[in-house]
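Q: Before anything else, here's the structure in question.
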Amino acid sequence: MTVDARRLTACIHYPLAQFALDVKFEADPGVTVLFGSSGAGKTTVLNCLAGLAQPASGEITLDGELLYCARAAKNVSVHLRNIGYLLQGLALFPHMTVSQNVAYGLTPHHERDSYVLETLERFRIAHLADRYPRQISGGERQRVALARALVRQPRLLLLDEPMSALDLPTKQHIMDDLHEWNQGARRIPILYVTHDRAEVFSLAERVLAMERGKIVAEGTPTEVLYAPRTAAMAQLAGFENILDAAVIETHAELGTATCRINGSELKLESPLSSHSGEQIKIGIRAGDILLSKNQIDGVSARNRLRGELVALREGAEFVEAHVNCSGVTFIVHVTRGAVRELALQPGQPVWLIFKTHSCLILR
């Protein structure tokens, strides 16, 4: 079977309470991540693909087979779609052993036991076959649920934040096994829903970024998360500073613009925007800003702002410095070593330094 034959093609229109879900995309064999904030419509997309929800209009094709078409009045039943769907709750049967859970739903035949054993072995849980869900760890229960979804050889696998309760290394080990399973002749499309950017970088081959029922960006994790187009997506992508601003001057010959941050007299130099007077948002990563106790001249960075250090907050990897510059608060990441060496304390005057192209123009 060719890659094109295994492709998922979806065009879905589905009215929701706050907005209308309206998406069109393709997913080839491999892991495609649906990325977006809670309430963006990601789970509704999965439910429509699985047949648990019926779109108002559109078309869904898998393996060259039409699963749903409003114009043709066709809607293939859930049990005939052969799609694996794994939810956050896992839904393992507590009164069944691991092997019984995995075998559940398989039609009895002479090869069923061998199918189950092969799947248990592939996901490294064969030694747990006779145990009950309460007797195994969260990561092991996740492997059991995944094995149950895959033992029937689905044509498409849907994963709705099923590993949100697990630490990243455990998720990565499980996904490594899933990637290994999804090779060769059995390779299928896998759609994985998350709002965690760490999962996107560690798991995704391709990303569909969703916002209020629309796909606002698609591509590799780097393409989507390093240059988000909207403020909401920038927040999810890890831009800690998102500022409302007005373009007050453009410099076409320099490829830059001067912007005033709304509600203040603070001015920044940003990459060239379209025209003066435009209202924009500017995103700046906390890790792209340097903090100094002294004014620094003779550097190429064009944005050098005087401010007051108002707070230091401990994080897992960095100390988060909050700096007030002319009424605008910036978040800056500094190491614990830098805090100690500079003897940083709230109330001190400081300088922030960052490049023009550290300012991402958002709409």
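Here's how to read the names in the structure tokens: chain A, B, ... by the order shown, residue numbers from 1 in each chain, ligand numbers from 1 in the order shown.
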Give me, as a PyMOL selection string, the residues of region 166-339 of chain A that a backbone DSSP run labels strand (DSSP E or B).
A: chain A and resi 189-194+206-211+214-219+241-251+256-261+267-271+279-284+290-292+303-314+319-325+328-334
Q: Need the shell around Pro29 (chain A): protein/DNA/RNA residues with any atom at most 8 Å away, counting only C-alpha atoms. Skip same-chain ones fewer than 4 positions apart. Format as a count of residues only?
A: 7
Q: List the neighbours of Val98 (chain A) out to 12 Å using only C-alpha atoms; skip same-chain residues closer than 3 positions along the sequence, and give me the result as a PyMOL selection string.
A: chain A and resi 92-95+101-104+116-117+119-120+125-136+140-148
Q: Using the selection just defined, write its residues with C-alpha atoms as a PDB file, in the first residue's frame.
A:
```
ATOM      1  CA  LEU A  92      -8.658   0.034  31.575  1.00  0.00           C
ATOM      2  CA  PHE A  93     -10.969  -2.576  33.093  1.00  0.00           C
ATOM      3  CA  PRO A  94      -9.944  -2.954  36.755  1.00  0.00           C
ATOM      4  CA  HIS A  95     -11.316  -6.516  37.015  1.00  0.00           C
ATOM      5  CA  ASN A 101      -7.433  -5.854  28.770  1.00  0.00           C
ATOM      6  CA  VAL A 102      -5.276  -5.988  25.657  1.00  0.00           C
ATOM      7  CA  ALA A 103      -7.284  -8.875  24.186  1.00  0.00           C
ATOM      8  CA  TYR A 104     -10.623  -7.180  24.874  1.00  0.00           C
ATOM      9  CA  VAL A 116      -1.684 -10.303  22.181  1.00  0.00           C
ATOM     10  CA  LEU A 117       1.683 -11.729  23.270  1.00  0.00           C
ATOM     11  CA  THR A 119       1.973  -6.689  21.255  1.00  0.00           C
ATOM     12  CA  LEU A 120       2.760  -7.091  24.963  1.00  0.00           C
ATOM     13  CA  ILE A 125       4.839  -5.394  29.329  1.00  0.00           C
ATOM     14  CA  ALA A 126       4.758  -9.160  28.702  1.00  0.00           C
ATOM     15  CA  HIS A 127       6.024  -9.728  32.262  1.00  0.00           C
ATOM     16  CA  LEU A 128       2.895  -7.918  33.547  1.00  0.00           C
ATOM     17  CA  ALA A 129       0.406 -10.099  31.644  1.00  0.00           C
ATOM     18  CA  ASP A 130      -1.238 -11.590  34.746  1.00  0.00           C
ATOM     19  CA  ARG A 131      -1.335  -8.430  36.845  1.00  0.00           C
ATOM     20  CA  TYR A 132      -4.280  -6.084  37.316  1.00  0.00           C
ATOM     21  CA  PRO A 133      -4.203  -2.340  36.549  1.00  0.00           C
ATOM     22  CA  ARG A 134      -4.046  -1.442  40.242  1.00  0.00           C
ATOM     23  CA  GLN A 135      -0.845  -3.476  40.564  1.00  0.00           C
ATOM     24  CA  ILE A 136       1.180  -1.597  37.939  1.00  0.00           C
ATOM     25  CA  GLU A 140       2.857   0.695  32.649  1.00  0.00           C
ATOM     26  CA  ARG A 141      -0.894   1.354  32.527  1.00  0.00           C
ATOM     27  CA  GLN A 142      -0.228   3.748  29.655  1.00  0.00           C
ATOM     28  CA  ARG A 143       1.613   0.991  27.789  1.00  0.00           C
ATOM     29  CA  VAL A 144      -1.278  -1.421  28.373  1.00  0.00           C
ATOM     30  CA  ALA A 145      -3.817   1.065  27.002  1.00  0.00           C
ATOM     31  CA  LEU A 146      -1.617   1.726  23.972  1.00  0.00           C
ATOM     32  CA  ALA A 147      -1.167  -2.009  23.348  1.00  0.00           C
ATOM     33  CA  ARG A 148      -4.949  -2.501  23.516  1.00  0.00           C
TER      34      ARG A 148
END
```
Q: Please report the interatomic distance between CA of Asp113 (chain A) and CA of Gln183 (chain A) in Å with one decimal.
A: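 Spanning CA of Asp113 (chain A) to CA of Gln183 (chain A) is a straight-line distance of 22.4 Å.
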Q: Using only C-alpha atoms, which of the listed residues (A:Val310, A:Ala27, A:Ile353, A:Ala316) sits closest to Ile296 (chain A)?
A: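 Ranking A:Val310, A:Ala27, A:Ile353, A:Ala316 by distance to Ile296 (chain A), first place goes to A:Ile353.
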Q: Between A:Leu290, A:Cys259, A:Leu344, A:Leu8, which has the minimum distance to Leu305 (chain A) (counting only C-alpha atoms)?
A: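 Among the listed residues, the smallest separation from Leu305 (chain A) belongs to A:Leu290.
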Q: Using only C-alpha atoms, which residues sit within 9 Å of region 227-243 of chain A once same-chain residues fewer than 2 positions away are excluded, as a PyMOL selection string?
A: chain A and resi 35-37+195-197+209-211+216-217+222-225+245+261-262+280-287+328-332+360-363
Q: Kindly save the residues from that selection, with N, CA and C atoms included, as a short mmCIF file (atom, residue, chain, number, x, y, z; two decimals), in the first residue's frame.
A:
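Generated file (part-v3.cif):
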```
data_model
loop_
_atom_site.label_atom_id
_atom_site.label_comp_id
_atom_site.auth_asym_id
_atom_site.auth_seq_id
_atom_site.Cartn_x
_atom_site.Cartn_y
_atom_site.Cartn_z
N PHE A 35 -1.65 20.96 18.13
CA PHE A 35 -1.13 21.78 19.23
C PHE A 35 -1.98 23.03 19.39
N GLY A 36 -2.37 23.31 20.62
CA GLY A 36 -3.14 24.52 20.88
C GLY A 36 -3.63 24.53 22.31
N SER A 37 -4.17 25.66 22.73
CA SER A 37 -4.64 25.80 24.11
C SER A 37 -5.91 24.98 24.32
N HIS A 195 -1.07 20.48 24.51
CA HIS A 195 -0.81 21.92 24.61
C HIS A 195 0.55 22.16 25.25
N ASP A 196 1.35 21.11 25.33
CA ASP A 196 2.67 21.15 25.96
C ASP A 196 3.75 21.23 24.88
N ARG A 197 4.46 22.35 24.82
CA ARG A 197 5.45 22.51 23.75
C ARG A 197 6.63 21.55 23.88
N ALA A 209 -1.00 23.70 14.30
CA ALA A 209 -1.30 24.60 15.41
C ALA A 209 -2.72 25.11 15.28
N MET A 210 -3.52 24.94 16.34
CA MET A 210 -4.93 25.32 16.31
C MET A 210 -5.24 26.45 17.27
N GLU A 211 -6.12 27.34 16.82
CA GLU A 211 -6.58 28.44 17.66
C GLU A 211 -8.02 28.76 17.29
N VAL A 216 -3.88 27.58 12.37
CA VAL A 216 -3.24 28.87 12.12
C VAL A 216 -1.80 28.72 11.65
N ALA A 217 -1.23 27.53 11.77
CA ALA A 217 0.12 27.28 11.30
C ALA A 217 0.33 25.78 11.19
N THR A 222 9.99 23.16 14.75
CA THR A 222 10.80 24.38 14.72
C THR A 222 10.11 25.48 13.92
N GLU A 223 9.56 25.13 12.78
CA GLU A 223 8.88 26.13 11.93
C GLU A 223 7.69 26.75 12.64
N VAL A 224 6.94 25.95 13.38
CA VAL A 224 5.71 26.44 14.00
C VAL A 224 5.98 27.19 15.30
N LEU A 225 6.89 26.70 16.14
CA LEU A 225 7.04 27.25 17.48
C LEU A 225 8.10 28.35 17.58
N ALA A 245 1.59 47.30 21.13
CA ALA A 245 2.42 48.42 20.69
C ALA A 245 1.82 49.07 19.46
N ILE A 261 5.32 51.17 23.17
CA ILE A 261 4.51 50.22 23.93
C ILE A 261 3.30 50.95 24.47
N ASN A 262 2.11 50.41 24.22
CA ASN A 262 0.87 51.06 24.61
C ASN A 262 0.83 51.35 26.11
N ILE A 280 0.10 46.63 16.76
CA ILE A 280 0.68 45.29 16.68
C ILE A 280 0.89 44.74 18.08
N LYS A 281 1.30 43.50 18.15
CA LYS A 281 1.80 42.90 19.38
C LYS A 281 3.23 42.47 19.12
N ILE A 282 4.07 42.59 20.14
CA ILE A 282 5.47 42.21 20.05
C ILE A 282 5.74 41.10 21.06
N GLY A 283 6.31 40.01 20.59
CA GLY A 283 6.67 38.90 21.47
C GLY A 283 8.18 38.84 21.65
N ILE A 284 8.62 38.69 22.90
CA ILE A 284 10.06 38.59 23.20
C ILE A 284 10.24 37.46 24.21
N ARG A 285 11.12 36.53 23.89
CA ARG A 285 11.41 35.44 24.83
C ARG A 285 12.24 35.96 26.00
N ALA A 286 11.93 35.46 27.18
CA ALA A 286 12.67 35.88 28.37
C ALA A 286 14.15 35.52 28.27
N GLY A 287 14.45 34.45 27.54
CA GLY A 287 15.84 34.03 27.40
C GLY A 287 16.62 34.83 26.39
N VAL A 328 6.32 49.34 32.15
CA VAL A 328 6.13 48.08 31.43
C VAL A 328 6.99 47.01 32.09
N THR A 329 6.37 45.88 32.47
CA THR A 329 7.10 44.81 33.15
C THR A 329 7.61 43.79 32.14
N PHE A 330 8.90 43.51 32.21
CA PHE A 330 9.54 42.50 31.38
C PHE A 330 9.94 41.32 32.26
N ILE A 331 9.83 40.12 31.71
CA ILE A 331 10.30 38.91 32.38
C ILE A 331 11.60 38.48 31.71
N VAL A 332 12.62 38.25 32.53
CA VAL A 332 13.95 37.90 32.04
C VAL A 332 14.42 36.63 32.75
N LEU A 360 9.48 39.69 17.97
CA LEU A 360 8.67 39.02 16.96
C LEU A 360 7.35 39.78 16.80
N ILE A 361 7.04 40.18 15.57
CA ILE A 361 5.80 40.89 15.30
C ILE A 361 4.66 39.90 15.21
N LEU A 362 3.61 40.12 16.01
CA LEU A 362 2.45 39.24 16.07
C LEU A 362 1.21 40.01 15.63
N ARG A 363 0.22 39.27 15.19
CA ARG A 363 -1.04 39.91 14.81
C ARG A 363 -2.16 39.38 15.70
#
```
Q: Quick one: pull the distance between CA of Glu180 (chain A) and CA of Ala204 (chain A), Å, one decimal.
A: 14.2 Å
Q: Can you work out the spacing between CA of Asp63 (chain A) and CA of Arg186 (chain A) in Å, to one decimal?
A: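 CA of Arg186 (chain A) lies at a distance of 12.3 Å from CA of Asp63 (chain A).
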Q: Pick out each residue of region 257-337 of chain A that DSSP on the backbone tags as helix (DSSP H, G or I); I need them as an MDAnalysis selection string.
A: chainID A and resid 286:288 336:337
